[in-house]
Amino acid sequence: MPLFNEKELAGLGRGIATTGRLNDEAVETSLAAIRRFMVLCRQMHVKTLHVLATAAARDASNGKDFLDAVEDITGVHPALLSGPEEARLSAMGVLSGIHRPDGIAGDLGGGSLEVVDVRGSAIGTGETFPLGGLRLEESSERTVRKAEKIVVEALSGSRVLPGGAGRTFYAIGGTWRSLARLHMRQKGYPLHIMHEYAIPADEALEFCRMVARRDSESLDSIEAVSKSRRALLPYGAVVLAEVIRIMKPSQIVLSALGVREGLLYDLLGDEEKAEDPLIAASEELALLRSRSPLHARELGPWSGHALAAMGLDETEDEVRLRIAACLLADIGWRGHPDYRGEQSLNLISHGAFVGIDHPGRAYLALANYYRHEGIVDENISSRIRELATTRLIERARALGMALRVAYMISGSMGGVIPRTRFEARGDKLTLVLPHDLAPLVGLRLSRRVTQLAKLSATSPAIQLE
């Protein structure tokens, strides 16, 4: 969870393509921002400071002078990343926030484009091209057709991109995020979460061609893009279109995590790197917000047996989502009873999670809505349901109703649920309780078991043993 996040779009790379130097005004803007950042660091008692420099400082003739000035301000010698190292850290950013990535990561900055193959935890050798948005705008003399020729020539020799056919292209960088934000707004997409926003490759190609052809200010919903980003949209679109043409990916997936997050991930030990970021975040929220973190952890295996008794199979990824949903199942308990379902849905669907795609977000949100509200869909936006497949919605309903039974038995306390279980006995879905819990059996519990059994077209039963 970022404690504080701030950026300054200084345009440091503007002018390099024509003059070979960092722009004096941009240098002053950058140094002023760094002075501000240092004051903030002192106020926050930051102990370890990392300063990274990328393409602009790498390629400019006065780059060393700029880095010397940065060192004077920060007291830290800036790490000047090579193109391949910048690509590697971008890929590490993808690894840190996307579950089991398989494709090619591309980071489009102001001065360069880096691409690198990512398959699970394996990172290939990166390539760098002088195709950053600012540089391309200048080298093309602000002519999109000339920019297209420059991009085609530069990427024609890529050894990395052809290896991504049929896989995912992970798009990193502010210009590509702006493109995606525009696409999201034009479609009326229900979530305003950029991380893991996915666009089918053929749709992305047509969209990029449209953006490249049109004047940015005439684009529908252009107000979704900050004015400082609009001028570079056509150039980002040209680069992405050529990437799609060469690579032939199945889809474009946005990554909000890049070089900065890649560096932090790279600093972790192997054991921490191996942790699942979604499960880790869900466990943390359970500790912070639930009445019993132990109970939240116990719900995972218990609900797995319940769904199996209902005849609902799960893939490995669906099991992972269910465990996360169980860990999050009680984070809304402090809300007003009339709004817990709605608040939990909003908190989860818009939460700062990584390691989860948008259908997965919808599953987590819906499961926790149903856990509070039962099978009542009137207050749920139909667009949220559209994000999840029919299969995920079915399992979200089943999990939500199973959790309603669990909380009725346990009172949200740990140590109770492991003593109970659901079993499939003939055509009956049977809740098995120990004898000392017999006083819990009553009309409300029976109703909830009945509602759950209806989802599997079975008869309900409660058995003491």
# chains A, B, ... in the order shown; residues from 1 in each chain; ligands from 1
>>> residues_around(residues="A:Leu429", least_positions_apart="5", cutoff="10 Å", atoms="only C-alpha atoms", output="list of chain:residue names")
A:Ala306, A:Ala309, A:Met310, A:Gly311, A:Phe422, A:Glu423, A:Ala424, A:Val449, A:Thr450, A:Leu452, A:Ala453, A:Lys454, A:Ser456, A:Ala457, A:Thr458, A:Ser459, A:Pro460, A:Ala461, A:Ile462
>>> residues_around(residues="stretch 9-17 of chain A", least_positions_apart="2", cutoff="7 Å", atoms="only C-alpha atoms", output="number ranges by chain")
A: 7, 19-23, 26-27, 29-30, 56, 60, 110-111, 134-135, 138-139
>>> select_by_dssp(residues="stretch 25-102 of chain A", states="strand (DSSP E or B)", output="VMD selection string")
chain A and resid 52 to 53 79 to 80 102
>>> write_last_selection(atoms="C-alpha atoms", output="mmCIF file, in the first residue's frame")
data_model
loop_
_atom_site.group_PDB
_atom_site.id
_atom_site.type_symbol
_atom_site.label_atom_id
_atom_site.label_comp_id
_atom_site.auth_asym_id
_atom_site.auth_seq_id
_atom_site.Cartn_x
_atom_site.Cartn_y
_atom_site.Cartn_z
ATOM 1 C CA LEU A 52 16.695 6.325 -10.785
ATOM 2 C CA ALA A 53 17.477 7.972 -14.118
ATOM 3 C CA ALA A 79 21.399 4.982 -10.677
ATOM 4 C CA LEU A 80 21.574 5.582 -14.436
ATOM 5 C CA ASP A 102 2.756 -14.599 -19.805
#
>>> closest_residue(among="A:Glu25, A:Lys149, A:Val46, A:Val76", to="A:Leu3", atoms="only C-alpha atoms")
A:Val46
>>> residues_around(residues="A:Ile246", least_positions_apart="5", cutoff="12 Å", atoms="only C-alpha atoms", output="number ranges by chain")
A: 151-166, 169, 201, 205, 239-241
>>> closest_residue(among="A:Arg245, A:Arg177, A:Arg404, A:His350", to="A:His192", atoms="only C-alpha atoms")
A:His350
>>> closest_residue(among="A:Asp330, A:Asp107, A:Glu261, A:Asp117", to="A:Thr168", atoms="only C-alpha atoms")
A:Asp117
>>> residues_around(residues="stretch 442-445 of chain A", least_positions_apart="2", cutoff="7 Å", atoms="only C-alpha atoms", output="VMD selection string")
chain A and resid 405 408 440 447 to 449
>>> select_by_dssp(residues="stretch 66-134 of chain A", states="alpha helix (DSSP H)", output="list in words")
Phe66, Leu67, Asp68, Ala69, Val70, Glu71, Asp72, Ile73, Thr74, Gly83, Pro84, Glu85, Glu86, Ala87, Arg88, Leu89, Ser90, Ala91, Met92, Gly93, Val94, Leu95, Ser96, Gly97, Gly133 and Leu134 of chain A
>>> write_last_selection(atoms="N, CA and C atoms", output="mmCIF file, in the first residue's frame")
data_model
loop_
_atom_site.group_PDB
_atom_site.id
_atom_site.type_symbol
_atom_site.label_atom_id
_atom_site.label_comp_id
_atom_site.auth_asym_id
_atom_site.auth_seq_id
_atom_site.Cartn_x
_atom_site.Cartn_y
_atom_site.Cartn_z
ATOM 1 N N PHE A 66 23.213 17.167 -15.159
ATOM 2 C CA PHE A 66 21.918 17.092 -14.481
ATOM 3 C C PHE A 66 21.982 16.111 -13.303
ATOM 4 N N LEU A 67 22.572 14.949 -13.523
ATOM 5 C CA LEU A 67 22.650 13.947 -12.464
ATOM 6 C C LEU A 67 23.523 14.435 -11.309
ATOM 7 N N ASP A 68 24.569 15.198 -11.622
ATOM 8 C CA ASP A 68 25.390 15.777 -10.559
ATOM 9 C C ASP A 68 24.571 16.733 -9.701
ATOM 10 N N ALA A 69 23.700 17.514 -10.347
ATOM 11 C CA ALA A 69 22.839 18.448 -9.610
ATOM 12 C C ALA A 69 21.838 17.691 -8.743
ATOM 13 N N VAL A 70 21.326 16.577 -9.277
ATOM 14 C CA VAL A 70 20.394 15.744 -8.504
ATOM 15 C C VAL A 70 21.094 15.175 -7.268
ATOM 16 N N GLU A 71 22.348 14.742 -7.449
ATOM 17 C CA GLU A 71 23.101 14.178 -6.321
ATOM 18 C C GLU A 71 23.369 15.237 -5.253
ATOM 19 N N ASP A 72 23.615 16.463 -5.693
ATOM 20 C CA ASP A 72 23.844 17.541 -4.723
ATOM 21 C C ASP A 72 22.601 17.759 -3.853
ATOM 22 N N ILE A 73 21.426 17.624 -4.454
ATOM 23 C CA ILE A 73 20.172 17.856 -3.727
ATOM 24 C C ILE A 73 19.830 16.680 -2.822
ATOM 25 N N THR A 74 19.992 15.479 -3.335
ATOM 26 C CA THR A 74 19.514 14.287 -2.621
ATOM 27 C C THR A 74 20.566 13.642 -1.727
ATOM 28 N N GLY A 83 19.275 0.666 -21.096
ATOM 29 C CA GLY A 83 18.014 0.259 -21.708
ATOM 30 C C GLY A 83 17.578 -1.134 -21.262
ATOM 31 N N PRO A 84 18.473 -2.146 -21.358
ATOM 32 C CA PRO A 84 18.077 -3.491 -20.913
ATOM 33 C C PRO A 84 17.725 -3.554 -19.427
ATOM 34 N N GLU A 85 18.428 -2.789 -18.587
ATOM 35 C CA GLU A 85 18.123 -2.806 -17.157
ATOM 36 C C GLU A 85 16.784 -2.130 -16.894
ATOM 37 N N GLU A 86 16.493 -1.074 -17.644
ATOM 38 C CA GLU A 86 15.193 -0.424 -17.508
ATOM 39 C C GLU A 86 14.082 -1.392 -17.904
ATOM 40 N N ALA A 87 14.322 -2.156 -18.972
ATOM 41 C CA ALA A 87 13.343 -3.162 -19.403
ATOM 42 C C ALA A 87 13.150 -4.226 -18.336
ATOM 43 N N ARG A 88 14.255 -4.655 -17.718
ATOM 44 C CA ARG A 88 14.168 -5.696 -16.691
ATOM 45 C C ARG A 88 13.358 -5.220 -15.493
ATOM 46 N N LEU A 89 13.596 -3.985 -15.041
ATOM 47 C CA LEU A 89 12.852 -3.474 -13.901
ATOM 48 C C LEU A 89 11.371 -3.262 -14.244
ATOM 49 N N SER A 90 11.095 -2.886 -15.488
ATOM 50 C CA SER A 90 9.694 -2.784 -15.911
ATOM 51 C C SER A 90 9.022 -4.145 -15.816
ATOM 52 N N ALA A 91 9.741 -5.171 -16.272
ATOM 53 C CA ALA A 91 9.201 -6.527 -16.189
ATOM 54 C C ALA A 91 9.013 -6.959 -14.744
ATOM 55 N N MET A 92 9.926 -6.556 -13.863
ATOM 56 C CA MET A 92 9.780 -6.872 -12.450
ATOM 57 C C MET A 92 8.533 -6.197 -11.871
ATOM 58 N N GLY A 93 8.225 -5.004 -12.358
ATOM 59 C CA GLY A 93 6.991 -4.341 -11.943
ATOM 60 C C GLY A 93 5.765 -5.157 -12.329
ATOM 61 N N VAL A 94 5.790 -5.711 -13.547
ATOM 62 C CA VAL A 94 4.687 -6.580 -13.979
ATOM 63 C C VAL A 94 4.601 -7.809 -13.093
ATOM 64 N N LEU A 95 5.748 -8.425 -12.809
ATOM 65 C CA LEU A 95 5.768 -9.607 -11.942
ATOM 66 C C LEU A 95 5.183 -9.297 -10.569
ATOM 67 N N SER A 96 5.445 -8.092 -10.071
ATOM 68 C CA SER A 96 5.010 -7.752 -8.718
ATOM 69 C C SER A 96 3.507 -7.582 -8.615
ATOM 70 N N GLY A 97 2.833 -7.319 -9.734
ATOM 71 C CA GLY A 97 1.418 -6.977 -9.639
ATOM 72 C C GLY A 97 0.475 -7.733 -10.529
ATOM 73 N N GLY A 133 7.414 8.990 -26.251
ATOM 74 C CA GLY A 133 6.439 9.920 -26.805
ATOM 75 C C GLY A 133 7.018 11.274 -27.165
ATOM 76 N N LEU A 134 7.773 11.889 -26.264
ATOM 77 C CA LEU A 134 8.366 13.203 -26.531
ATOM 78 C C LEU A 134 9.362 13.138 -27.671
#
>>> residues_around(residues="stretch 272-277 of chain A", least_positions_apart="3", cutoff="9 Å", atoms="only C-alpha atoms", output="tab-separated table (two decimals) with N, CA, C and O atoms, in the first residue's frame")
chain	number	residue	atom	x	y	z
A	96	SER	N	5.44	-8.09	-10.07
A	96	SER	CA	5.01	-7.75	-8.72
A	96	SER	C	3.51	-7.58	-8.62
A	96	SER	O	2.95	-7.69	-7.52
A	97	GLY	N	2.83	-7.32	-9.73
A	97	GLY	CA	1.42	-6.98	-9.64
A	97	GLY	C	0.47	-7.73	-10.53
A	97	GLY	O	-0.72	-7.47	-10.52
A	98	ILE	N	0.97	-8.70	-11.32
A	98	ILE	CA	0.10	-9.48	-12.19
A	98	ILE	C	0.37	-10.96	-11.92
A	98	ILE	O	1.51	-11.40	-11.95
A	99	HIS	N	-0.67	-11.71	-11.65
A	99	HIS	CA	-0.54	-13.11	-11.29
A	99	HIS	C	-0.16	-13.95	-12.51
A	99	HIS	O	-0.86	-13.96	-13.51
A	265	TYR	N	10.25	-4.35	-5.80
A	265	TYR	CA	10.06	-5.80	-5.81
A	265	TYR	C	11.41	-6.51	-5.89
A	265	TYR	O	11.62	-7.54	-5.23
A	266	ASP	N	12.32	-5.95	-6.67
A	266	ASP	CA	13.65	-6.55	-6.84
A	266	ASP	C	14.42	-6.56	-5.52
A	266	ASP	O	15.31	-7.39	-5.32
A	268	LEU	N	13.17	-7.19	-2.58
A	268	LEU	CA	12.62	-8.17	-1.65
A	268	LEU	C	13.43	-9.45	-1.68
A	268	LEU	O	14.07	-9.79	-2.68
A	269	GLY	N	13.35	-10.21	-0.59
A	269	GLY	CA	13.95	-11.53	-0.56
A	269	GLY	C	13.13	-12.52	-1.35
A	269	GLY	O	11.96	-12.26	-1.69
A	280	ALA	N	-1.85	-11.79	0.14
A	280	ALA	CA	-1.16	-11.00	1.16
A	280	ALA	C	-1.97	-9.75	1.52
A	280	ALA	O	-2.12	-9.40	2.70
A	281	ALA	N	-2.49	-9.05	0.51
A	281	ALA	CA	-3.28	-7.84	0.76
A	281	ALA	C	-4.59	-8.18	1.48
A	281	ALA	O	-5.04	-7.46	2.37
A	282	SER	N	-5.21	-9.30	1.09
A	282	SER	CA	-6.47	-9.71	1.71
A	282	SER	C	-6.25	-10.10	3.17
A	282	SER	O	-7.07	-9.78	4.04
A	353	PHE	N	-6.01	-3.30	-4.94
A	353	PHE	CA	-5.44	-4.64	-5.03
A	353	PHE	C	-4.62	-4.77	-6.31
A	353	PHE	O	-4.92	-4.14	-7.33
A	354	VAL	N	-3.61	-5.63	-6.25
A	354	VAL	CA	-2.92	-6.07	-7.47
A	354	VAL	C	-2.98	-7.59	-7.48
A	354	VAL	O	-3.46	-8.22	-6.55
A	355	GLY	N	-2.51	-8.18	-8.57
A	355	GLY	CA	-2.57	-9.62	-8.68
A	355	GLY	C	-3.96	-10.13	-8.97
A	355	GLY	O	-4.28	-11.29	-8.69
A	356	ILE	N	-4.82	-9.28	-9.53
A	356	ILE	CA	-6.18	-9.70	-9.83
A	356	ILE	C	-6.70	-8.93	-11.04
A	356	ILE	O	-6.47	-7.72	-11.17
>>> residues_around(residues="stretch 171-173 of chain A", least_positions_apart="6", cutoff="8 Å", atoms="only C-alpha atoms", output="MDAnalysis selection string")
chainID A and resid 90 105:109 252:258
>>> atom_distance(atom1="atom CA of A:Pro234", atom2="atom CA of A:Val211")
5.8 Å
>>> closest_residue(among="A:Leu263, A:Ile384, A:Ala180, A:Ile409", to="A:Leu49", atoms="only C-alpha atoms")
A:Leu263
>>> atom_distance(atom1="atom CA of A:Glu298", atom2="atom CA of A:Leu403")
11.3 Å
>>> decode(residues="stretch 335-410 of chain A", atoms="C-alpha atoms", output="PDB file, in the first residue's frame")
ATOM      1  CA  GLY A 335     -20.959  -0.408   8.382  1.00  0.00           C
ATOM      2  CA  HIS A 336     -24.659   0.210   8.917  1.00  0.00           C
ATOM      3  CA  PRO A 337     -26.540  -3.113   8.485  1.00  0.00           C
ATOM      4  CA  ASP A 338     -28.625  -1.684   5.651  1.00  0.00           C
ATOM      5  CA  TYR A 339     -25.534  -0.772   3.629  1.00  0.00           C
ATOM      6  CA  ARG A 340     -22.916  -3.411   4.477  1.00  0.00           C
ATOM      7  CA  GLY A 341     -23.412  -5.283   1.223  1.00  0.00           C
ATOM      8  CA  GLU A 342     -23.210  -2.194  -0.949  1.00  0.00           C
ATOM      9  CA  GLN A 343     -20.260  -0.777   0.990  1.00  0.00           C
ATOM     10  CA  SER A 344     -18.354  -4.072   0.855  1.00  0.00           C
ATOM     11  CA  LEU A 345     -18.965  -4.319  -2.876  1.00  0.00           C
ATOM     12  CA  ASN A 346     -17.627  -0.809  -3.478  1.00  0.00           C
ATOM     13  CA  LEU A 347     -14.689  -1.197  -1.101  1.00  0.00           C
ATOM     14  CA  ILE A 348     -13.529  -4.398  -2.796  1.00  0.00           C
ATOM     15  CA  SER A 349     -14.266  -3.575  -6.440  1.00  0.00           C
ATOM     16  CA  HIS A 350     -12.416  -0.239  -6.136  1.00  0.00           C
ATOM     17  CA  GLY A 351      -9.715  -1.387  -3.726  1.00  0.00           C
ATOM     18  CA  ALA A 352      -5.990  -0.942  -4.361  1.00  0.00           C
ATOM     19  CA  PHE A 353      -5.441  -4.642  -5.032  1.00  0.00           C
ATOM     20  CA  VAL A 354      -2.922  -6.069  -7.467  1.00  0.00           C
ATOM     21  CA  GLY A 355      -2.567  -9.624  -8.685  1.00  0.00           C
ATOM     22  CA  ILE A 356      -6.184  -9.699  -9.826  1.00  0.00           C
ATOM     23  CA  ASP A 357      -7.939  -8.959 -13.118  1.00  0.00           C
ATOM     24  CA  HIS A 358     -11.257  -7.170 -13.437  1.00  0.00           C
ATOM     25  CA  PRO A 359     -13.458 -10.321 -13.647  1.00  0.00           C
ATOM     26  CA  GLY A 360     -11.734 -11.455 -10.454  1.00  0.00           C
ATOM     27  CA  ARG A 361     -12.520  -8.123  -8.791  1.00  0.00           C
ATOM     28  CA  ALA A 362     -16.160  -8.554  -9.746  1.00  0.00           C
ATOM     29  CA  TYR A 363     -16.180 -12.056  -8.218  1.00  0.00           C
ATOM     30  CA  LEU A 364     -14.720 -10.832  -4.901  1.00  0.00           C
ATOM     31  CA  ALA A 365     -17.125  -7.904  -4.756  1.00  0.00           C
ATOM     32  CA  LEU A 366     -20.208  -9.958  -5.636  1.00  0.00           C
ATOM     33  CA  ALA A 367     -19.375 -12.802  -3.225  1.00  0.00           C
ATOM     34  CA  ASN A 368     -19.109 -10.333  -0.367  1.00  0.00           C
ATOM     35  CA  TYR A 369     -22.256  -8.496  -1.420  1.00  0.00           C
ATOM     36  CA  TYR A 370     -24.218 -11.768  -1.402  1.00  0.00           C
ATOM     37  CA  ARG A 371     -22.655 -12.685   1.950  1.00  0.00           C
ATOM     38  CA  HIS A 372     -24.359  -9.624   3.476  1.00  0.00           C
ATOM     39  CA  GLU A 373     -27.514  -9.291   1.378  1.00  0.00           C
ATOM     40  CA  GLY A 374     -28.391 -12.802   0.238  1.00  0.00           C
ATOM     41  CA  ILE A 375     -29.440 -13.431  -3.362  1.00  0.00           C
ATOM     42  CA  VAL A 376     -30.725  -9.909  -3.919  1.00  0.00           C
ATOM     43  CA  ASP A 377     -29.487  -8.266  -7.116  1.00  0.00           C
ATOM     44  CA  GLU A 378     -31.618  -5.119  -7.220  1.00  0.00           C
ATOM     45  CA  ASN A 379     -28.974  -2.854  -5.696  1.00  0.00           C
ATOM     46  CA  ILE A 380     -26.084  -4.146  -7.811  1.00  0.00           C
ATOM     47  CA  SER A 381     -25.111  -2.349 -11.002  1.00  0.00           C
ATOM     48  CA  SER A 382     -25.673  -4.690 -13.938  1.00  0.00           C
ATOM     49  CA  ARG A 383     -22.339  -3.476 -15.322  1.00  0.00           C
ATOM     50  CA  ILE A 384     -20.459  -4.994 -12.382  1.00  0.00           C
ATOM     51  CA  ARG A 385     -22.067  -8.357 -13.124  1.00  0.00           C
ATOM     52  CA  GLU A 386     -21.105  -7.989 -16.772  1.00  0.00           C
ATOM     53  CA  LEU A 387     -17.432  -8.012 -15.813  1.00  0.00           C
ATOM     54  CA  ALA A 388     -17.661 -11.568 -14.480  1.00  0.00           C
ATOM     55  CA  THR A 389     -18.431 -14.719 -16.446  1.00  0.00           C
ATOM     56  CA  THR A 390     -21.597 -16.705 -15.766  1.00  0.00           C
ATOM     57  CA  ARG A 391     -19.411 -19.343 -14.120  1.00  0.00           C
ATOM     58  CA  LEU A 392     -17.822 -16.825 -11.739  1.00  0.00           C
ATOM     59  CA  ILE A 393     -21.199 -15.298 -10.863  1.00  0.00           C
ATOM     60  CA  GLU A 394     -22.578 -18.762 -10.026  1.00  0.00           C
ATOM     61  CA  ARG A 395     -19.648 -19.446  -7.719  1.00  0.00           C
ATOM     62  CA  ALA A 396     -19.847 -15.980  -6.157  1.00  0.00           C
ATOM     63  CA  ARG A 397     -23.508 -16.622  -5.314  1.00  0.00           C
ATOM     64  CA  ALA A 398     -22.738 -20.035  -3.849  1.00  0.00           C
ATOM     65  CA  LEU A 399     -19.839 -18.707  -1.792  1.00  0.00           C
ATOM     66  CA  GLY A 400     -21.843 -15.731  -0.543  1.00  0.00           C
ATOM     67  CA  MET A 401     -24.687 -17.976   0.608  1.00  0.00           C
ATOM     68  CA  ALA A 402     -22.283 -20.468   2.216  1.00  0.00           C
ATOM     69  CA  LEU A 403     -20.685 -17.609   4.138  1.00  0.00           C
ATOM     70  CA  ARG A 404     -24.120 -16.548   5.382  1.00  0.00           C
ATOM     71  CA  VAL A 405     -24.461 -20.002   6.929  1.00  0.00           C
ATOM     72  CA  ALA A 406     -20.945 -19.843   8.401  1.00  0.00           C
ATOM     73  CA  TYR A 407     -21.518 -16.508  10.138  1.00  0.00           C
ATOM     74  CA  MET A 408     -24.853 -17.700  11.490  1.00  0.00           C
ATOM     75  CA  ILE A 409     -23.057 -20.619  13.144  1.00  0.00           C
ATOM     76  CA  SER A 410     -19.856 -18.933  14.338  1.00  0.00           C
TER      77      SER A 410
END
